[in-house]
Amino acid sequence: MKDKGAGIAKPKRKKKIWIIILLVVAVLAVVIWNRLHSAPTQAGAENSVVEVEPVQKRDLSDTISLKGTIAGVSRTNVTSRAVAEITSLNVQLGDTVKEGDLLCTLDSGSIREKISDLESSIAKTQAVENISNRQAMEAVQRAKEDQTNQLEEAQRQIMLAEESFNVAQMNYDNGDVDFPTLLSAQRAVEAAKESYEATVQSTNRAIRDAQLAAEQNRYNVSDSASRDTLNDLKEQLADCEIKAPCSGVVTAVNVSVGDVNAEKVTILTIEDTSALKLVTSVAEADILKIEEGMKAVVTADAAGEEEIAGTVSRVVRVKNQGTGDQAAAAGGYSVEVSINNKTLLVGMEAKVKIMIKEKGEVLAIPYDLVMYDENGDAYVLVAEPKEDGSATAVRRNVVLGEEVDYYTEVTGGDLAEGDRMIYDYMHTVVEGQTLSPEQMFSNEGMGGGAEGGADMSGSAEGAE
């Protein structure tokens with residue numbers, strides 16, 4: 001039994017040896033794999049060139065940039081109701097005018113002739129109407145007189161019939177006449193009274209008809225069209241001398257001497273340039289951000305580097321579907337910015353930055369450079385200079401604020417203005433890594449790269 005048991009124990013020892021060998025091979029494989037994969041990365045990190053720039057304060061105000069056109073504070077289209085030939089034009093494009101200045105005149109001779117002819121015709125018609133009115137009133141008066149005469153006669157007939165009846169009654173009582181004679185006398189009285197009532201009705205009807213005819217004649221509007229035409233001609237005559245309705249600059253002249261003016265056609269346009277504004281279109285994505293009263297800065301090629309202060313004076317949140325003067329762009333929303341400048345000219349192209357949120361100068365860094373540790377705390381890497389010109393990648397904790405235009409505000413932490421932050425967007429540089437002078441370059445004059453490396457020996461204040 002022992003021999004048998006001893007024979008069984010030998011394979012177990014061989015199995016343990018193989019397990020140990022396999023473990024050793026696995027460990028060697030892991031080590032070799034790590035070296036093969038870490039060596040290029042480490043080599044790349046050691047040989048990579050990175051940008052190193054000082055941390056600065058930046059204006060993180062939120063703005064919207066737009067393009068627009070300079071315009072006067074108001075625009076007035078000058079028209080004339082006179083349909084006549086233009087005989088003089090006293091202004092040209094670009095002239096400055098004052099309110100009340102004579103701009104142009106139109107031929108009033110033909111209008112005066114029409115007025116004279118029409119007034120003569122209306123006067124004749126009026127004379128006929130006056131005669132007709134007088135005749136109508138006389139007809140009413142005659143109808144009233146006829147009524148009086150006819151009623152008096154009817155009343156006299158009643159009195160005669162009553163007297164005859166009284167005589168017949170007395171003779172009947174004395175037995176001188178029979179009853180039929182008395183009855184005939186009574187019926188004569190009744191007939192006279194009925195005739196009186198009929199006369200009242202007929203004469204009243206005649207008076208009423210005469211009065212209606214006179215009333216209708218008085219309100220006769222058969223010549224109202226001529227009167228309307230006369231009023232229109234008089235308004236045209238008053239509009240033959242066109243004066244400036246406001247002060248400003250003539251920005252459009254649409255007629256020449258000899259042209260025949262048409263009603264409601266713009267003769268010329270005046271813009272009030274006592275104050276200027278910039279009119280611009282705004283995209284849907286931005287229109288709800290803009291409010292009246294917001295600050296703005298306007299620049300124009302004609303003004304050079306000057307920044308002109310402005311204020312949003314009007315926000316149009318309705319798409320303009322027309323083509324009138326108010327349309328900044330076809331179908332677009334629009335904004336008007338009042339500017340503190342009188343030297344720019346109407347029609348000039350300009351740019352405007354509207355201040356949506358005024359932040360001012362704050363410490364800011366590119367938000368793509370921010371990293372987070374396992375606790376979620378934000379930090380960046382800065383290049384801390386050494387005496388030999390190299391630098392060490394050192395962590396600086398940051399507390400972040402608002403993000404505006406690729407930058408984020410730094411509201412806390414241990415990052416200071418002037419610290420040389422490592423612009424490593426791929427995050428290949430690690431904390432504690434040494435950067436040689438050849439690996440660092442700067443756009444702020446710190447040297448680096450092919451030019452021979454960065455000068456990292458100075459302090460933050462000195463480099464600035």
# chains A, B, ... in the order shown; residues from 1 in each chain; ligands from 1
$ select_by_dssp --residues "region 79-243 of chain A" --states "strand (DSSP E)" --output "ChimeraX atom specification"
/A:86-89,96-97,102-106,241-243
$ write_last_selection --atoms "C-alpha atoms" --output "tab-separated table (two decimals), in the first residue's frame"
chain	number	residue	atom	x	y	z
A	86	ILE	CA	-42.57	120.13	-61.33
A	87	THR	CA	-41.34	123.62	-62.21
A	88	SER	CA	-38.42	124.03	-59.76
A	89	LEU	CA	-36.27	121.83	-57.54
A	96	THR	CA	-28.89	120.00	-45.47
A	97	VAL	CA	-32.32	121.60	-45.02
A	102	LEU	CA	-38.90	125.57	-49.85
A	103	LEU	CA	-37.90	122.30	-51.50
A	104	CYS	CA	-39.69	122.44	-54.86
A	105	THR	CA	-42.67	123.96	-56.66
A	106	LEU	CA	-45.28	122.54	-59.01
A	241	GLU	CA	-45.23	124.68	-52.81
A	242	ILE	CA	-43.49	121.87	-50.95
A	243	LYS	CA	-41.65	122.86	-47.79
$ residues_around --residues "region 334-350 of chain A" --least-positions-apart "5" --cutoff "6 Å" --atoms "only C-alpha atoms" --output "PyMOL selection string"
chain A and resi 67-71+276-282+299-300+309-316+328
$ write_last_selection --atoms "C-alpha atoms" --output "PDB file, in the first residue's frame"
ATOM      1  CA  LYS A  67     -23.214  94.456 -38.911  1.00  0.00           C
ATOM      2  CA  GLY A  68     -25.519  97.284 -39.856  1.00  0.00           C
ATOM      3  CA  THR A  69     -26.016 100.622 -41.565  1.00  0.00           C
ATOM      4  CA  ILE A  70     -25.847 104.151 -40.160  1.00  0.00           C
ATOM      5  CA  ALA A  71     -29.146 106.013 -40.428  1.00  0.00           C
ATOM      6  CA  LEU A 276     -27.649 108.908 -35.577  1.00  0.00           C
ATOM      7  CA  LYS A 277     -28.473 105.274 -35.122  1.00  0.00           C
ATOM      8  CA  LEU A 278     -27.289 101.950 -36.452  1.00  0.00           C
ATOM      9  CA  VAL A 279     -29.921  99.631 -37.891  1.00  0.00           C
ATOM     10  CA  THR A 280     -29.071  95.951 -38.050  1.00  0.00           C
ATOM     11  CA  SER A 281     -30.742  92.591 -38.542  1.00  0.00           C
ATOM     12  CA  VAL A 282     -30.576  89.922 -35.828  1.00  0.00           C
ATOM     13  CA  THR A 299     -16.910 100.757 -34.991  1.00  0.00           C
ATOM     14  CA  ALA A 300     -16.666 101.869 -38.612  1.00  0.00           C
ATOM     15  CA  ALA A 309     -20.566 104.319 -27.432  1.00  0.00           C
ATOM     16  CA  GLY A 310     -24.150 103.375 -28.166  1.00  0.00           C
ATOM     17  CA  THR A 311     -27.364 102.160 -26.564  1.00  0.00           C
ATOM     18  CA  VAL A 312     -29.975  99.736 -27.848  1.00  0.00           C
ATOM     19  CA  SER A 313     -32.952 102.034 -28.429  1.00  0.00           C
ATOM     20  CA  ARG A 314     -35.376  99.686 -30.193  1.00  0.00           C
ATOM     21  CA  VAL A 315     -35.827  95.929 -30.542  1.00  0.00           C
ATOM     22  CA  VAL A 316     -38.206  94.636 -33.219  1.00  0.00           C
ATOM     23  CA  ALA A 328     -33.294  96.045 -41.735  1.00  0.00           C
TER      24      ALA A 328
END
$ residues_around --residues "Lys234 (chain A)" --least-positions-apart "2" --cutoff "12 Å" --atoms "only C-alpha atoms" --output "list in words"
Arg81, Ala82, Val83, Ser108, Ser110, Ile111, Arg112, Glu113, Lys114, Ile115, Ser116, Leu118, Glu119, Arg227, Asp228, Thr229, Leu230, Asn231, Asp232, Gln236, Leu237, Ala238, Asp239 and Cys240 of chain A
$ closest_residue --among "A:Asp209, A:Asp101, A:Glu263, A:Glu271" --to "Val249 (chain A)" --atoms "only C-alpha atoms"
A:Glu271
$ residues_around --residues "Val298 (chain A)" --least-positions-apart "6" --cutoff "6 Å" --atoms "only C-alpha atoms" --output "ChimeraX atom specification"
/A:307-308,351-352
$ residues_around --residues "region 130-133 of chain A" --least-positions-apart "3" --cutoff "9 Å" --atoms "only C-alpha atoms" --output "list of chain:residue names"
A:Thr125, A:Gln126, A:Ala127, A:Ala136, A:Met137, A:Glu138, A:Ala214, A:Glu215, A:Asn217, A:Arg218
$ select_by_dssp --residues "region 162-317 of chain A" --states "helix (DSSP H, G or I)" --output "ChimeraX atom specification"
/A:162-174,179-218,224-238,284-287,301-303
$ write_last_selection --atoms "C-alpha atoms" --output "PDB file, in the first residue's frame"
ATOM      1  CA  GLU A 162    -127.444 124.775 -39.520  1.00  0.00           C
ATOM      2  CA  GLU A 163    -129.467 127.947 -40.122  1.00  0.00           C
ATOM      3  CA  SER A 164    -131.644 126.166 -42.699  1.00  0.00           C
ATOM      4  CA  PHE A 165    -132.163 123.300 -40.247  1.00  0.00           C
ATOM      5  CA  ASN A 166    -133.259 125.707 -37.489  1.00  0.00           C
ATOM      6  CA  VAL A 167    -135.836 127.319 -39.805  1.00  0.00           C
ATOM      7  CA  ALA A 168    -137.129 123.895 -40.895  1.00  0.00           C
ATOM      8  CA  GLN A 169    -137.385 122.813 -37.251  1.00  0.00           C
ATOM      9  CA  MET A 170    -139.452 125.895 -36.360  1.00  0.00           C
ATOM     10  CA  ASN A 171    -141.768 125.466 -39.393  1.00  0.00           C
ATOM     11  CA  TYR A 172    -142.157 121.776 -38.583  1.00  0.00           C
ATOM     12  CA  ASP A 173    -143.136 122.649 -35.026  1.00  0.00           C
ATOM     13  CA  ASN A 174    -145.767 125.120 -36.403  1.00  0.00           C
ATOM     14  CA  PHE A 179    -141.121 115.701 -41.469  1.00  0.00           C
ATOM     15  CA  PRO A 180    -139.237 114.784 -44.719  1.00  0.00           C
ATOM     16  CA  THR A 181    -138.410 118.479 -45.161  1.00  0.00           C
ATOM     17  CA  LEU A 182    -136.995 118.629 -41.611  1.00  0.00           C
ATOM     18  CA  LEU A 183    -134.988 115.438 -42.160  1.00  0.00           C
ATOM     19  CA  SER A 184    -133.556 116.821 -45.386  1.00  0.00           C
ATOM     20  CA  ALA A 185    -132.372 119.966 -43.562  1.00  0.00           C
ATOM     21  CA  GLN A 186    -130.696 117.832 -40.854  1.00  0.00           C
ATOM     22  CA  ARG A 187    -128.856 115.737 -43.440  1.00  0.00           C
ATOM     23  CA  ALA A 188    -127.591 118.933 -45.099  1.00  0.00           C
ATOM     24  CA  VAL A 189    -125.899 119.918 -41.800  1.00  0.00           C
ATOM     25  CA  GLU A 190    -124.222 116.508 -41.477  1.00  0.00           C
ATOM     26  CA  ALA A 191    -123.036 116.688 -45.099  1.00  0.00           C
ATOM     27  CA  ALA A 192    -121.487 120.144 -44.498  1.00  0.00           C
ATOM     28  CA  LYS A 193    -119.577 118.845 -41.434  1.00  0.00           C
ATOM     29  CA  GLU A 194    -118.288 115.799 -43.374  1.00  0.00           C
ATOM     30  CA  SER A 195    -117.133 118.114 -46.169  1.00  0.00           C
ATOM     31  CA  TYR A 196    -115.218 120.184 -43.572  1.00  0.00           C
ATOM     32  CA  GLU A 197    -113.388 117.090 -42.249  1.00  0.00           C
ATOM     33  CA  ALA A 198    -112.516 116.018 -45.798  1.00  0.00           C
ATOM     34  CA  THR A 199    -111.168 119.479 -46.512  1.00  0.00           C
ATOM     35  CA  VAL A 200    -108.965 119.320 -43.362  1.00  0.00           C
ATOM     36  CA  GLN A 201    -107.478 116.019 -44.461  1.00  0.00           C
ATOM     37  CA  SER A 202    -106.878 116.981 -48.071  1.00  0.00           C
ATOM     38  CA  THR A 203    -105.317 120.335 -47.261  1.00  0.00           C
ATOM     39  CA  ASN A 204    -103.103 118.808 -44.533  1.00  0.00           C
ATOM     40  CA  ARG A 205    -101.910 116.246 -47.077  1.00  0.00           C
ATOM     41  CA  ALA A 206    -101.145 118.991 -49.581  1.00  0.00           C
ATOM     42  CA  ILE A 207     -99.125 120.929 -46.991  1.00  0.00           C
ATOM     43  CA  ARG A 208     -97.189 117.805 -45.950  1.00  0.00           C
ATOM     44  CA  ASP A 209     -96.333 116.935 -49.550  1.00  0.00           C
ATOM     45  CA  ALA A 210     -95.127 120.475 -50.219  1.00  0.00           C
ATOM     46  CA  GLN A 211     -92.975 120.410 -47.059  1.00  0.00           C
ATOM     47  CA  LEU A 212     -91.426 117.062 -48.005  1.00  0.00           C
ATOM     48  CA  ALA A 213     -90.601 118.353 -51.456  1.00  0.00           C
ATOM     49  CA  ALA A 214     -88.941 121.443 -49.974  1.00  0.00           C
ATOM     50  CA  GLU A 215     -86.952 119.348 -47.472  1.00  0.00           C
ATOM     51  CA  GLN A 216     -85.781 116.994 -50.170  1.00  0.00           C
ATOM     52  CA  ASN A 217     -84.775 119.887 -52.377  1.00  0.00           C
ATOM     53  CA  ARG A 218     -82.783 121.478 -49.537  1.00  0.00           C
ATOM     54  CA  SER A 224     -71.752 116.631 -54.158  1.00  0.00           C
ATOM     55  CA  ALA A 225     -69.173 115.084 -56.522  1.00  0.00           C
ATOM     56  CA  SER A 226     -68.338 118.521 -57.925  1.00  0.00           C
ATOM     57  CA  ARG A 227     -67.905 119.914 -54.431  1.00  0.00           C
ATOM     58  CA  ASP A 228     -65.595 117.041 -53.481  1.00  0.00           C
ATOM     59  CA  THR A 229     -63.559 117.654 -56.626  1.00  0.00           C
ATOM     60  CA  LEU A 230     -63.326 121.357 -55.812  1.00  0.00           C
ATOM     61  CA  ASN A 231     -62.054 120.610 -52.274  1.00  0.00           C
ATOM     62  CA  ASP A 232     -59.464 118.207 -53.693  1.00  0.00           C
ATOM     63  CA  LEU A 233     -58.258 120.796 -56.220  1.00  0.00           C
ATOM     64  CA  LYS A 234     -57.884 123.389 -53.467  1.00  0.00           C
ATOM     65  CA  GLU A 235     -55.776 120.940 -51.436  1.00  0.00           C
ATOM     66  CA  GLN A 236     -53.649 120.286 -54.521  1.00  0.00           C
ATOM     67  CA  LEU A 237     -53.180 124.024 -55.021  1.00  0.00           C
ATOM     68  CA  ALA A 238     -51.977 124.389 -51.421  1.00  0.00           C
ATOM     69  CA  GLU A 284     -33.483  84.175 -34.326  1.00  0.00           C
ATOM     70  CA  ALA A 285     -30.921  82.650 -31.969  1.00  0.00           C
ATOM     71  CA  ASP A 286     -29.946  86.096 -30.605  1.00  0.00           C
ATOM     72  CA  ILE A 287     -33.033  88.314 -30.776  1.00  0.00           C
ATOM     73  CA  ASP A 301     -13.885 102.008 -41.153  1.00  0.00           C
ATOM     74  CA  ALA A 302     -14.450 105.748 -41.497  1.00  0.00           C
ATOM     75  CA  ALA A 303     -13.863 106.227 -37.756  1.00  0.00           C
TER      76      ALA A 303
END
